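A.B. asks: What follows is a single structure, and I will ask about it in a moment.
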Amino acid sequence: MTYTYRELTELLQGRGIADARSEAAWLICRFCGVDRAAILTDKHRKWESAELDAAVCRRCERYPLQYIIGEWEFFGCTFRVSEDCLIPRPDTEILVEEALKILPQNAVLCDLCTGSGCIAISLLKARPDLRAVAVELSDKAVDIALENARLNGVDDRLILLCADVLADGVDKLKSLMKQENITSFDAIVSNPPYIPTEDISTLEPELAFEPKMALDGGADGLKFYRDIIKNYASLVRSGGYMLFEIGSDQARDVCALTECEAVVVRDLGGNDRVVKISL
């Protein structure tokens with residue numbers, strides 16, 4: 001099947017895709033081997049390839065564009081993505097920005113529930129003096145994170161640990177710290193699952209293709225925050241930090257889980273997005 005840029009845009013709009021113009025351009029560029037300038041200077045040209053047709057069919061089923069493309073940009077870095085990990089989103093860049101502000105020179109950090117590795121890897125890419133440990137339950141996601149670390153040239157400063165943050169994560173992390181001669185972390189960062197279980201079925205269709213384990217934050221959405229603050233704070237040095245991405249309506253509840261000073265940082269849309277706890 002052939003599509004002009006306008007026809008493809010209208011097709012995607014008809015399937016409820018909000019940013020149809022941009023996504024139409026992404027698909028044509030990716031599967032017809034052209035750049036955006038070629039599309040915009042010849043809007044009446046018919047584009048055709050078997051790969052484009054298959055990709056359009058999948059996107060019309062609301063399969064995420066990022067998984068179709070196979071990679072995505074985050075904080076100026078390129079990350080491989082698949083159904084085995086959560087898609088990196090711009091909101092999470094606020095967490096990276098805040099971490100960069102407070103991490104001292106030659107800091108060692110820990111990223112819990114790392115998924116694709118986008119947080120830890122972006123920090124390491126931005127700061128060559130940093131080292132990091134990243135913990136993830138899914139062994140397939142660990143493989144993706146390792147690939148992304150290599151892709152971005154930081155694999156020599158990142159240790160990946162396959163463990164369950166809510167179960168054996170603390171013990172495995174302590175053992176690893178002893179092996180690596182890490183006495184404590186300067187910061188723990190995390191974008192944990194934080195959507196209340198009953199809300200998951202009401203989310204936009206694309207999220208049905210993302211790993212549920214990366215979304216489900218338990219009955220109240222606070223399960224991971226509660227556990228991490230309780231069990232991992234002792235691994236952070238005095239004067240260090242815990243930084244969490246949060247849902248826009250969770251700031252008060254997350255802050256209430258600690259007696260330490262907690263600061264809420266908003267995203268560009270004015271929504272509460274990060275809680276920064278001083279230990």
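Starting from 1 in every chain, residues are counted up; chains themselves are A, B, ... following the order of the structure tokens, and ligands are numbered from 1 as listed.
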Mind checking which residues fall within 9 Å of A:Gly169, counting only C-alpha atoms, ignoring those fewer than 5 positions away in the same chain, and posting them as a list of chain:residue names?
C.D. replies: A:Val135, A:Glu136, A:Leu137, A:Leu161, A:Cys162, A:Ala163, A:Asp164, A:Lys174
A.B. asks: With C-alpha atoms retained, could you export that selection as a PDB file, in the first residue's frame?
C.D. replies:
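Done, and the output landed in again-v1.pdb:
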```pdb
ATOM      1  CA  VAL A 135      19.179  -3.304  39.681  1.00  0.00           C
ATOM      2  CA  GLU A 136      16.452  -4.954  37.595  1.00  0.00           C
ATOM      3  CA  LEU A 137      14.240  -8.003  38.084  1.00  0.00           C
ATOM      4  CA  LEU A 161      22.449  -6.724  39.006  1.00  0.00           C
ATOM      5  CA  CYS A 162      19.484  -8.992  38.293  1.00  0.00           C
ATOM      6  CA  ALA A 163      17.442  -8.994  41.498  1.00  0.00           C
ATOM      7  CA  ASP A 164      13.975  -8.333  42.882  1.00  0.00           C
ATOM      8  CA  LYS A 174      24.887  -5.497  49.906  1.00  0.00           C
TER       9      LYS A 174
END
```
A.B. asks: Taking the backbone alone, and naming residues the way the document does, which bits of stretch 8-239 of chain A are strand (DSSP E or B) by DSSP, as a VMD selection string?
C.D. replies: chain A and resid 47 71 to 74 77 to 80 108 to 112 131 to 136 158 to 162 185 to 190 195 216 236 to 239
A.B. asks: Counting only C-alpha atoms, figure out which residue out of A:Leu52, A:Leu86, A:Cys255, A:Cys57 gets nearest to A:Lys212.
C.D. replies: A:Leu86
A.B. asks: Can you list, as a PyMOL selection string, every protein, DNA or RNA residue that comes within 9 Å of stretch 10-14 of chain A when you count only C-alpha atoms, leaving out same-chain residues fewer than 6 positions away?
C.D. replies: chain A and resi 20-21+23-24+56+59-60
A.B. asks: Give me, as CSV, the closest atom pair and its distance (Å, one decimal) for every residue of stretch 186-227 of chain A within a cut-off of 8 Å of stretch 66-83 of chain A, counting only C-alpha atoms, rows sorted by chain and rising number.
C.D. replies:
```
residue,atom,partner,partner_atom,distance
A:Phe209,CA,A:Glu83,CA,6.5
A:Glu210,CA,A:Glu83,CA,5.6
A:Pro211,CA,A:Glu83,CA,6.4
```
A.B. asks: Output N, CA, C and O atoms for every residue in that selection, as a tab-separated table (two decimals), in the first residue's frame.
C.D. replies:
```tsv
chain	number	residue	atom	x	y	z
A	209	PHE	N	0.96	-2.86	25.91
A	209	PHE	CA	2.07	-3.61	25.32
A	209	PHE	C	3.35	-3.49	26.14
A	209	PHE	O	4.32	-4.20	25.89
A	210	GLU	N	3.37	-2.59	27.12
A	210	GLU	CA	4.54	-2.43	27.96
A	210	GLU	C	4.46	-3.41	29.13
A	210	GLU	O	3.37	-3.84	29.52
A	211	PRO	N	5.61	-3.80	29.70
A	211	PRO	CA	5.58	-4.82	30.75
A	211	PRO	C	4.81	-4.36	31.98
A	211	PRO	O	5.11	-3.31	32.56
```
A.B. asks: Taking the backbone alone, and naming residues the way the document does, which bits of stretch 51-270 of chain A are helix (DSSP H, G or I) by DSSP, as number ranges by chain?
C.D. replies: A: 51-60, 65-69, 90-102, 118-126, 139-151, 155-157, 169-179, 197-202, 205-209, 212-214, 223-235, 251-255
A.B. asks: What would the file look like if the residues just selected were written as a compact mmCIF listing (two decimals), in the first residue's frame with C-alpha atoms?
C.D. replies:
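The new file out.txt reads:
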```txt
# COMPACT_ATOMS: atom_id res chain seq x y z
CA GLU A 51 8.27 -2.68 6.03
CA LEU A 52 6.35 0.61 6.11
CA ASP A 53 3.06 -1.15 5.46
CA ALA A 54 3.67 -3.64 8.28
CA ALA A 55 4.70 -0.84 10.64
CA VAL A 56 1.62 1.23 9.84
CA CYS A 57 -0.64 -1.74 10.48
CA ARG A 58 0.95 -2.30 13.87
CA ARG A 59 0.74 1.37 14.81
CA CYS A 60 -2.93 1.47 13.85
CA LEU A 65 5.89 3.62 17.88
CA GLN A 66 9.03 3.21 20.01
CA TYR A 67 8.82 -0.58 19.86
CA ILE A 68 8.19 -0.44 16.11
CA ILE A 69 11.26 1.74 15.62
CA PRO A 90 10.61 12.86 28.64
CA ASP A 91 9.14 13.22 32.15
CA THR A 92 11.88 10.96 33.48
CA GLU A 93 14.53 13.39 32.22
CA ILE A 94 13.58 15.62 35.18
CA LEU A 95 14.92 12.92 37.49
CA VAL A 96 18.21 12.80 35.58
CA GLU A 97 18.54 16.59 35.68
CA GLU A 98 17.94 16.70 39.42
CA ALA A 99 20.43 13.91 40.07
CA LEU A 100 23.11 15.72 38.08
CA LYS A 101 22.63 18.78 40.29
CA ILE A 102 23.35 16.99 43.54
CA CYS A 118 18.06 5.01 30.60
CA ILE A 119 18.47 6.82 33.93
CA ALA A 120 21.80 5.34 35.01
CA ILE A 121 23.27 5.38 31.52
CA SER A 122 22.24 8.99 30.88
CA LEU A 123 23.89 10.03 34.14
CA LEU A 124 27.09 8.16 33.29
CA LYS A 125 27.12 9.61 29.78
CA ALA A 126 26.72 13.14 31.12
CA ASP A 139 16.75 -10.78 32.97
CA LYS A 140 15.65 -9.71 29.47
CA ALA A 141 15.60 -6.07 30.54
CA VAL A 142 19.07 -6.54 32.05
CA ASP A 143 20.28 -7.72 28.64
CA ILE A 144 18.77 -4.62 27.02
CA ALA A 145 20.34 -2.34 29.63
CA LEU A 146 23.75 -3.94 29.03
CA GLU A 147 23.35 -3.43 25.29
CA ASN A 148 22.40 0.20 25.89
CA ALA A 149 25.39 0.72 28.16
CA ARG A 150 27.68 -0.58 25.43
CA LEU A 151 25.87 1.46 22.79
CA ASP A 155 29.54 -0.23 30.20
CA ASP A 156 32.92 -0.01 31.97
CA ARG A 157 31.32 2.15 34.70
CA GLY A 169 17.45 -7.00 46.11
CA VAL A 170 18.79 -5.62 49.38
CA ASP A 171 20.85 -8.69 50.23
CA LYS A 172 22.21 -9.08 46.71
CA LEU A 173 23.08 -5.40 46.57
CA LYS A 174 24.89 -5.50 49.91
CA SER A 175 26.89 -8.50 48.73
CA LEU A 176 27.80 -6.74 45.51
CA MET A 177 28.82 -3.59 47.39
CA LYS A 178 31.17 -5.67 49.53
CA GLN A 179 32.69 -7.32 46.46
CA THR A 197 -3.20 -1.88 40.11
CA GLU A 198 -6.84 -1.11 39.39
CA ASP A 199 -5.90 1.88 37.19
CA ILE A 200 -3.75 -0.06 34.74
CA SER A 201 -6.70 -1.24 32.66
CA THR A 202 -7.83 2.36 32.16
CA PRO A 205 -3.92 1.49 24.68
CA GLU A 206 -0.17 1.63 24.06
CA LEU A 207 0.59 0.82 27.69
CA ALA A 208 -1.04 -2.59 27.29
CA PHE A 209 2.07 -3.61 25.32
CA LYS A 212 2.97 -4.77 33.50
CA MET A 213 5.63 -5.41 36.11
CA ALA A 214 7.16 -2.04 35.21
CA LYS A 223 4.42 -0.30 47.21
CA PHE A 224 7.89 0.32 45.76
CA TYR A 225 8.39 3.72 47.40
CA ARG A 226 7.44 2.27 50.76
CA ASP A 227 9.84 -0.66 50.45
CA ILE A 228 12.76 1.26 48.95
CA ILE A 229 12.65 4.03 51.55
CA LYS A 230 12.41 1.50 54.38
CA ASN A 231 15.02 -1.01 53.21
CA TYR A 232 17.52 0.87 51.05
CA ALA A 233 18.05 4.20 52.84
CA SER A 234 20.79 2.64 54.99
CA LEU A 235 22.84 2.04 51.85
CA ALA A 251 3.93 13.78 46.04
CA ARG A 252 2.25 14.17 49.44
CA ASP A 253 1.95 10.41 49.97
CA VAL A 254 5.56 9.68 49.00
CA CYS A 255 6.89 12.52 51.17
```
A.B. asks: Hey, can you check how far atom CA of A:Arg6 sits from atom CA of A:His44?
C.D. replies: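 Atom CA of A:Arg6 sits 7.7 Å away from atom CA of A:His44.
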A.B. asks: Restricting the calculation to only C-alpha atoms, which member of A:Ser190, A:Thr41, A:Ser49, A:Ser238 is positioned closest to A:Ile28?
C.D. replies: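 Going through A:Ser190, A:Thr41, A:Ser49, A:Ser238 one by one, the smallest distance to A:Ile28 is for A:Ser49.
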A.B. asks: What is the atom CA of A:Glu204 to atom CA of A:Cys32 distance in Å?
C.D. replies: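 Taking atom CA of A:Glu204 as the start and atom CA of A:Cys32 as the end point, the length is 28.3 Å.
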A.B. asks: In Å, with one decimal, what is the gap from atom CA of A:Leu27 to atom CA of A:Trp47?
C.D. replies: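 One can read the atom CA of A:Leu27 to atom CA of A:Trp47 distance as 10.3 Å.
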A.B. asks: So, counting only C-alpha atoms, which residue among A:Val34, A:Ala107, A:Leu166, A:Met1 is closest to A:Phe185?
C.D. replies: A:Ala107
A.B. asks: Find the residue from A:Leu268, A:Ala37, A:Leu130, A:Leu103 that sits nearest to A:Val154; use only C-alpha atoms when measuring.
C.D. replies: A:Leu130
